[in-house]
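Listing of target-v6.cif; format and content: mmCIF, C-alpha atoms.
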```
data_run
#
loop_
_atom_site.label_atom_id
_atom_site.label_comp_id
_atom_site.auth_asym_id
_atom_site.auth_seq_id
_atom_site.Cartn_x
_atom_site.Cartn_y
_atom_site.Cartn_z
CA MET R 1 28.65 -31.66 61.18
CA THR R 2 26.22 -28.81 61.45
CA THR R 3 26.61 -25.56 59.54
CA CYS R 4 27.29 -22.76 62.01
CA ALA R 5 27.66 -19.82 59.64
CA GLU R 6 27.78 -18.90 55.96
CA GLY R 7 28.82 -15.80 54.11
CA SER R 8 29.95 -14.47 50.76
CA ILE R 9 31.53 -11.38 49.28
CA THR R 10 32.35 -10.26 45.76
CA THR R 11 35.73 -8.64 45.27
CA SER R 12 37.38 -6.97 42.30
CA MET R 13 40.52 -9.08 42.87
CA ASN R 14 41.26 -12.00 40.56
CA ILE R 15 40.90 -15.53 41.96
CA ASP R 16 44.61 -16.01 42.66
CA ASP R 17 44.96 -12.76 44.61
CA ALA R 18 41.74 -13.31 46.56
CA LYS R 19 42.77 -16.86 47.38
CA ALA R 20 46.23 -15.77 48.54
CA LEU R 21 44.72 -13.08 50.80
CA VAL R 22 42.16 -15.48 52.30
CA HIS R 23 44.88 -18.11 52.81
CA SER R 24 47.08 -15.64 54.72
CA ASN R 25 44.10 -14.33 56.72
CA LEU R 26 43.21 -17.86 57.83
CA ALA R 27 46.80 -18.58 58.84
CA ALA R 28 46.97 -15.31 60.80
CA ALA R 29 43.76 -16.28 62.61
CA GLY R 30 45.31 -19.59 63.68
CA LEU R 31 43.22 -21.75 61.36
CA THR R 32 44.94 -24.65 59.60
CA VAL R 33 44.48 -25.03 55.83
CA GLU R 34 44.34 -28.74 54.97
CA THR R 35 43.35 -28.68 51.29
CA ASP R 36 44.17 -26.01 48.76
CA ASP R 37 42.56 -26.68 45.37
CA ALA R 38 42.39 -24.40 42.33
CA ASP R 39 39.07 -22.88 43.38
CA ALA R 40 38.65 -23.85 47.06
CA VAL R 41 40.38 -23.87 50.43
CA ALA R 42 39.35 -26.08 53.37
CA GLY R 43 40.67 -26.68 56.83
CA LYS R 44 40.00 -26.61 60.53
CA GLY R 45 40.59 -24.70 63.71
CA GLY R 46 39.97 -24.82 67.41
CA LYS R 47 40.89 -27.24 70.15
CA LEU R 48 38.86 -30.43 70.03
CA LEU R 49 40.55 -32.10 73.01
CA LYS R 50 39.99 -29.08 75.26
CA TYR R 51 36.37 -28.96 74.09
CA ARG R 52 35.90 -32.65 74.94
CA LEU R 53 37.50 -32.27 78.37
CA LEU R 54 35.98 -28.96 79.50
CA GLY R 55 32.78 -28.54 77.51
CA ILE R 56 31.39 -25.60 75.58
CA TRP R 57 30.88 -23.28 78.56
CA PHE R 58 34.58 -23.17 79.40
CA MET R 59 35.73 -22.45 75.83
CA HIS R 60 36.30 -19.11 74.14
CA THR R 61 34.62 -18.79 70.75
CA ASP R 62 38.01 -18.73 68.99
CA GLU R 63 38.87 -22.12 70.55
CA LEU R 64 35.73 -24.01 69.51
CA PRO R 65 36.50 -26.84 67.07
CA ILE R 66 35.36 -25.75 63.59
CA ARG R 67 35.81 -26.80 59.98
CA PHE R 68 35.73 -24.24 57.17
CA ASP R 69 35.26 -24.38 53.40
CA VAL R 70 35.97 -21.37 51.19
CA GLU R 71 35.14 -21.40 47.47
CA PHE R 72 36.22 -18.94 44.78
CA THR R 73 34.13 -18.35 41.65
CA GLU R 74 34.92 -16.02 38.76
CA THR R 75 31.92 -13.80 37.87
CA GLU R 76 31.36 -10.79 35.64
CA ALA R 77 31.48 -8.54 38.70
CA GLY R 78 34.78 -10.02 39.96
CA THR R 79 35.52 -12.96 42.22
CA LEU R 80 32.78 -14.37 44.44
CA VAL R 81 34.23 -15.73 47.68
CA SER R 82 31.84 -17.99 49.61
CA ALA R 83 32.51 -19.52 53.02
CA GLU R 84 30.82 -22.11 55.21
CA VAL R 85 31.81 -22.95 58.76
CA HIS R 86 30.76 -26.22 60.42
CA ASP R 87 31.17 -27.52 63.95
CA ARG R 88 33.82 -30.19 64.42
CA GLN R 89 32.51 -31.84 67.57
CA GLY R 90 33.00 -35.35 66.21
CA VAL R 91 30.94 -38.42 66.92
CA GLY R 92 28.50 -38.69 69.76
CA ILE R 93 25.82 -36.33 70.98
CA GLN R 94 26.23 -32.87 69.48
CA LEU R 95 25.94 -31.09 72.83
CA GLY R 96 27.56 -27.85 71.71
CA GLN R 97 24.81 -27.08 69.24
CA VAL R 98 22.09 -28.11 71.69
CA LEU R 99 23.42 -26.37 74.78
CA ASP R 100 24.73 -23.13 73.27
CA PRO R 101 24.08 -22.75 69.51
CA ASP R 102 24.76 -19.00 69.57
CA LYS R 103 28.33 -19.59 70.70
CA TYR R 104 29.07 -21.78 67.68
CA GLU R 105 27.39 -19.27 65.36
CA ALA R 106 29.58 -16.52 66.83
CA ALA R 107 32.66 -18.69 66.27
CA GLY R 108 31.63 -19.26 62.65
CA GLN R 109 30.92 -15.60 61.98
CA ALA R 110 34.26 -14.63 63.51
CA ALA R 111 36.11 -17.13 61.30
CA ILE R 112 34.36 -15.81 58.19
CA ALA R 113 35.13 -12.21 59.15
CA GLU R 114 38.81 -13.11 59.56
CA ALA R 115 38.88 -14.93 56.21
CA PHE R 116 37.27 -11.98 54.37
CA LYS R 117 39.48 -9.32 55.98
CA GLY R 118 40.87 -7.08 53.23
CA LEU R 119 38.48 -8.28 50.54
CA THR R 120 36.39 -5.36 49.35
CA SER R 121 33.18 -5.46 47.38
#
```
For the file at hand, write its structure as structure tokens.
Amino acid sequence: MTTCAEGSITTSMNIDDAKALVHSNLAAAGLTVETDDADAVAGKGGKLLKYRLLGIWFMHTDELPIRFDVEFTETEAGTLVSAEVHDRQGVGIQLGQVLDPDKYEAAGQAAIAEAFKGLTS
């Protein structure tokens, strides 16, 4: 997996409230949360089968197969929320990153923006 996008924001919310908001934002964006630990959330989104059948040029950025990891850290300034988005192309030649890397970066940035919606610094 290749990292497509990264981002972080510090919010005045406590960890539990920030995590609940991020969790609901991800669900509203159509991303599936697979693991929900005390200080992290991870999951996936997109349509891998459609990507494999049609290729990157026929996919919208919100349909690209991605994997996300969001971590929550308590700091003096509040809660630091950090996110990483990776491609989820699977085994084989990573054509999506070679043929159109900007499309995957846009998909990653969009997923991070959705996850951080409502978190204020």
### Message
Set the distance at 9 Å and use all atoms listed in the file: which residues neighbour R:Ala115 once local chain neighbours fewer than 6 positions away are removed? I'd like the list as a PyMOL selection string.
### Response
chain R and resi 21-26+29+70+83
### Pick from R:Leu31, R:Ala38, R:Ala18, R:Leu48, whichever lies nearest to R:Ala110 using only C-alpha atoms
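Under the stated criterion, the closest residue is R:Leu31.
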### Message
Report, in Å to a single decimal, how far apart atom CA of R:Ile9 and atom CA of R:Phe72 are.
### Response
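If I compute the distance from atom CA of R:Phe72 to atom CA of R:Ile9, I get 10.0 Å.
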### Query
Can you list, as a VMD selection string, the residues that the PyMOL selection byres ((chain R and resi 7) around 7) selects here?
chain R and resid 5 to 6 8 82 to 84 112
Write the residues of the selection above to a file with C-alpha atoms, as an mmCIF file, in the frame of the given file.
```cif
data_model
loop_
_atom_site.group_PDB
_atom_site.id
_atom_site.type_symbol
_atom_site.label_atom_id
_atom_site.label_comp_id
_atom_site.auth_asym_id
_atom_site.auth_seq_id
_atom_site.Cartn_x
_atom_site.Cartn_y
_atom_site.Cartn_z
ATOM 1 C CA ALA R 5 27.660 -19.820 59.640
ATOM 2 C CA GLU R 6 27.780 -18.900 55.960
ATOM 3 C CA SER R 8 29.950 -14.470 50.760
ATOM 4 C CA SER R 82 31.840 -17.990 49.610
ATOM 5 C CA ALA R 83 32.510 -19.520 53.020
ATOM 6 C CA GLU R 84 30.820 -22.110 55.210
ATOM 7 C CA ILE R 112 34.360 -15.810 58.190
#
```
### Query
Of the candidates R:Met59, R:Ala111, R:Ile66, R:Val81, which shows the shortest atom-to-atom distance to R:Thr3, using only C-alpha atoms?
R:Ile66
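For the residues R:Lys117, R:Arg88, R:Gln109, R:Thr35, ranking by smallest atom-to-atom distance to R:Arg52 using only C-alpha atoms places R:Arg88 first.
In this model, the gap between atom CA of R:Gly45 and atom CA of R:Asp17 comes to 22.9 Å.
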#### Entry: All residues 12 Å or closer to R:Met13, all atoms listed in the file, same chain fewer than 5 positions away omitted, as a ChimeraX atom specification
/R:18-22,72-81,118-121
## Note on the structure
Here atom CA of R:Ala106 and atom CA of R:Cys4 stand apart by 8.2 Å
### For R:Leu64, the nearest of the candidates R:Gln89, R:Thr32, R:Thr10, R:Thr2, counting all atoms listed in the file
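When distances to R:Leu64 are compared using all atoms listed in the file, the smallest one comes from R:Gln89.
Checking R:Tyr51, R:Asp16, R:Asp62, R:Phe68 one by one against R:Gly30, counting all atoms listed in the file, you find the shortest gap at R:Asp62.
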